[in-house]
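Please read the structure below before turning to the comments.
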Amino acid sequence: MDYEKFVENVQADLIKSLSDSYHNVTVEPIEVSKLQGQSYSGVSIKHDDSAISTSVNLEQFYGMYQDGSSYENVLQEIADAVVTGFASVPDVDIGMLSDYESMKQHLTTQIVGAKNNSDKLKDVPHQMMEDMAVVYRFQVGEVSSGQASILITNQMLELYGITQEQLHQDALEMSQKNEPVSIKNMDEIIYEMSDGFMGSIENPESALWVATNESRFNGASVIAYPDFMERAAQQLDGGFYLLPSSIHETLLISDAFGMKAKELKEMVTQINAAEIRPEEKLTDNAYHYDADAKVFEQAENFEKRMEKAQEHKSVLDELKANKQICKETEPKSHKAPKKDVPEL
């Protein structure tokens with residue numbers, strides 16, 4: 001059975017499987033477009049007992065079928081997923097979704113890699129931070145996998161009649177209120193996780209600091225908060241590097257440890273490949289905040305800027321030195337001797 005036939009059969013048979021649990025079930029094919037490579041082809045299911053539909057990714061279930069599971073078993077797995085999906089749907093007032101002022105209090109931010117989400121970003125308002133993009137969501141509840149949220153699209157922005165700039169300001173204001181910044185030394189986190197058996201709160205010594213939000217969900221977006229960089233610079237006593245651990249948190253390392261951009265980027269790339277799930281990956285780049293110049297940039301660009309500044313300083317120093325040498329070796333001026341003028 002090819003995928004098209006599989007979807008066609010599921011669409012018909014799922015209605016029968018769910019008819020004992022729900023009234024007037026409808027099942028329709030759907031293409032779900034999501035960030036972080038999570039787009040999929042599936043079905044949307046709705047019934048009269050719920051104002052909200054739920055969707056199922058059929059691609060993963062078709063994979064089960066191809067791996068040898070019987071169609072009947074796969075269909076039952078899909079039905080179970082639908083029941084679970086409806087049970088975890090948050091209680092959302094559909095009427096509120098069309099009212100921006102009512103929904104504004106639920107605004108939150110998320111930061112994602114721009115390159116891996118380039119197609120989807122065409123349809124959603126966002127603001128760039130180097131090669132990352134800040135997007136906006138309505139947080140509408142909690143589910144077993146984390147928080148249920150609705151990504152704000154350009155179409156929704158047009159419906160609300162507001163500008164992207166206003167959305168950005170409102171989202172940052174509400175995010176700082178509902179999801180305040182958390183910056184802790186790794187020793188502190190280890191201390192908390194081990195119930196005090198390891199790490200330290202009073203004298204943390206780790207080179208790593210962890211920046212996230214209070215819920216630790218989509219917490220990497222705190223780097224977009226207006227006062228984040230200055231606040232982090234105060235805690236780390238100056239400039240620092242930022243390593244995107246995932247979309248949920250970033251790691252910070254003080255300039256005092258003398259790390260280099262190349263080795264930090266290699267570290268991020270290796271960790272992303274070995275330990276981070278694709279849907280949680282941010283970028284493979286390392287970043288830097290210059291506390292003196294108040295500049296956030298990719299770590300490689302920071303080091304290039306510092307090299308140019310050093311070269312410029314060296315040239316100026318050389319010019320000053322040459323000027324001083326010239327001044328010291330400059331011949332002294334002599335006044336011409338006075339000639340005797342005959343008396344008349």
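Ordered as shown in the structure tokens, chains take letters A, B, and onward, while each chain numbers its residues from 1 and ligands are numbered from 1 in the order shown.
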Worksheet entry | Contact residues around A:Thr212 with only C-alpha atoms at 6 Å, ignoring same-chain residues under 3 positions, as a ChimeraX atom specification | /A:182,216,219-220,249
Practice prompt. Fewer than 4 positions away in the same chain doesn't count, so skip those; otherwise give me all residues within 8 Å of stretch 238-248 of chain A, counting only C-alpha atoms, as a PyMOL selection string.
Written response: chain A and resi 110-112+212+216-221+233-234+252-255+264+268+271-272+276+280-292+299
Practice prompt. Report the residues of stretch 28-256 of chain A whose backbone DSSP state falls under helix (DSSP H, G or I), written as a ChimeraX atom specification.
Written response: /A:58-66,71-88,94-97,100-106,118-121,154-160,164-178,186-193,219-224,228-236,255-256
Item to complete: Tell me which protein, DNA and RNA residues are within 10 Å of A:Thr108, counting only C-alpha atoms, leaving out same-chain ones fewer than 6 positions away, and put them as a VMD selection string.
Response: chain A and resid 135 to 139 149 to 151 168 170 to 179 218 221
Worksheet item: Between A:Glu311, A:Glu59, A:Glu77, A:Asp48, which has the minimum distance to A:Leu14 (counting only C-alpha atoms)?
Response: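 The closest residue to A:Leu14 is A:Glu77.
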To test your reading of the structure, identify every residue in stretch 138-304 of chain A that backbone DSSP assigns to strand (DSSP E or B), and report it as an mmCIF file with C-alpha atoms, in the first residue's frame.
```cif
data_model
loop_
_atom_site.group_PDB
_atom_site.id
_atom_site.type_symbol
_atom_site.label_atom_id
_atom_site.label_comp_id
_atom_site.auth_asym_id
_atom_site.auth_seq_id
_atom_site.Cartn_x
_atom_site.Cartn_y
_atom_site.Cartn_z
ATOM 1 C CA PHE A 138 0.159 32.727 22.331
ATOM 2 C CA GLN A 139 0.704 30.371 25.255
ATOM 3 C CA VAL A 140 -2.674 28.708 25.786
ATOM 4 C CA GLY A 141 -2.036 25.883 28.245
ATOM 5 C CA GLU A 142 0.093 22.940 29.199
ATOM 6 C CA VAL A 143 0.326 19.462 27.709
ATOM 7 C CA GLY A 146 5.437 20.938 27.507
ATOM 8 C CA GLN A 147 3.349 24.009 26.737
ATOM 9 C CA ALA A 148 0.574 24.353 24.189
ATOM 10 C CA SER A 149 0.975 27.472 22.084
ATOM 11 C CA ILE A 150 -0.216 29.058 18.855
ATOM 12 C CA LEU A 151 2.339 30.528 16.460
ATOM 13 C CA VAL A 181 15.139 35.513 33.073
ATOM 14 C CA SER A 182 17.117 32.899 34.971
ATOM 15 C CA ILE A 183 20.948 33.090 34.853
ATOM 16 C CA LYS A 184 22.682 30.551 37.057
ATOM 17 C CA ASN A 185 26.172 29.141 37.324
ATOM 18 C CA LEU A 208 29.601 27.760 32.405
ATOM 19 C CA TRP A 209 26.489 29.755 33.165
ATOM 20 C CA VAL A 210 22.999 28.753 31.998
ATOM 21 C CA ALA A 211 20.531 31.336 30.735
ATOM 22 C CA THR A 212 16.869 30.402 30.297
ATOM 23 C CA ASN A 213 13.397 31.457 31.453
ATOM 24 C CA PHE A 240 30.991 36.803 27.402
ATOM 25 C CA TYR A 241 30.380 34.143 24.766
ATOM 26 C CA LEU A 242 26.933 32.601 24.177
ATOM 27 C CA LEU A 243 26.589 28.958 23.144
ATOM 28 C CA PRO A 244 23.097 27.931 21.951
ATOM 29 C CA SER A 245 22.522 24.719 23.882
ATOM 30 C CA SER A 246 19.001 24.404 22.400
ATOM 31 C CA GLU A 249 18.534 27.517 26.985
ATOM 32 C CA THR A 250 21.920 29.031 26.182
ATOM 33 C CA LEU A 251 25.294 28.620 27.862
ATOM 34 C CA LEU A 252 27.447 31.621 28.769
ATOM 35 C CA ILE A 253 31.245 31.714 29.196
ATOM 36 C CA SER A 254 33.125 34.768 30.463
ATOM 37 C CA TYR A 287 28.052 34.275 19.734
ATOM 38 C CA HIS A 288 29.627 37.035 21.789
ATOM 39 C CA TYR A 289 28.534 40.089 23.729
ATOM 40 C CA ASP A 290 31.015 42.940 23.977
ATOM 41 C CA VAL A 295 27.571 44.751 20.645
ATOM 42 C CA PHE A 296 26.040 41.286 20.181
ATOM 43 C CA GLU A 297 27.477 39.357 17.234
ATOM 44 C CA GLN A 298 28.751 36.001 16.053
#
```
Worksheet item: Which residue, A:Asn203, A:Ser53, A:Asn116, A:Thr269, has the smallest gap to A:Tyr191 when you use only C-alpha atoms?
Response: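 Between A:Asn203, A:Ser53, A:Asn116, A:Thr269, the residue approaching A:Tyr191 most closely is A:Asn203.
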Worksheet item: Of the candidates A:Gln11, A:Tyr3, A:Gly95, A:Tyr22, which shows the shortest atom-to-atom distance to A:Val56, using only C-alpha atoms?
Response: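 Ranked by minimum distance to A:Val56, first place goes to A:Gln11.
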Worksheet entry | Atomic separation - atom CA of A:Asp227 relative to atom CA of A:Glu205, Å |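 Pair atom CA of A:Glu205 / atom CA of A:Asp227 returns 24.6 Å.
The gap separating atom CA of A:Asp13 from atom CA of A:Leu75 is 7.9 Å, in Å to one decimal.
Rounded to one decimal, atom CA of A:Val89 and atom CA of A:Asp123 lie 24.6 Å from each other.
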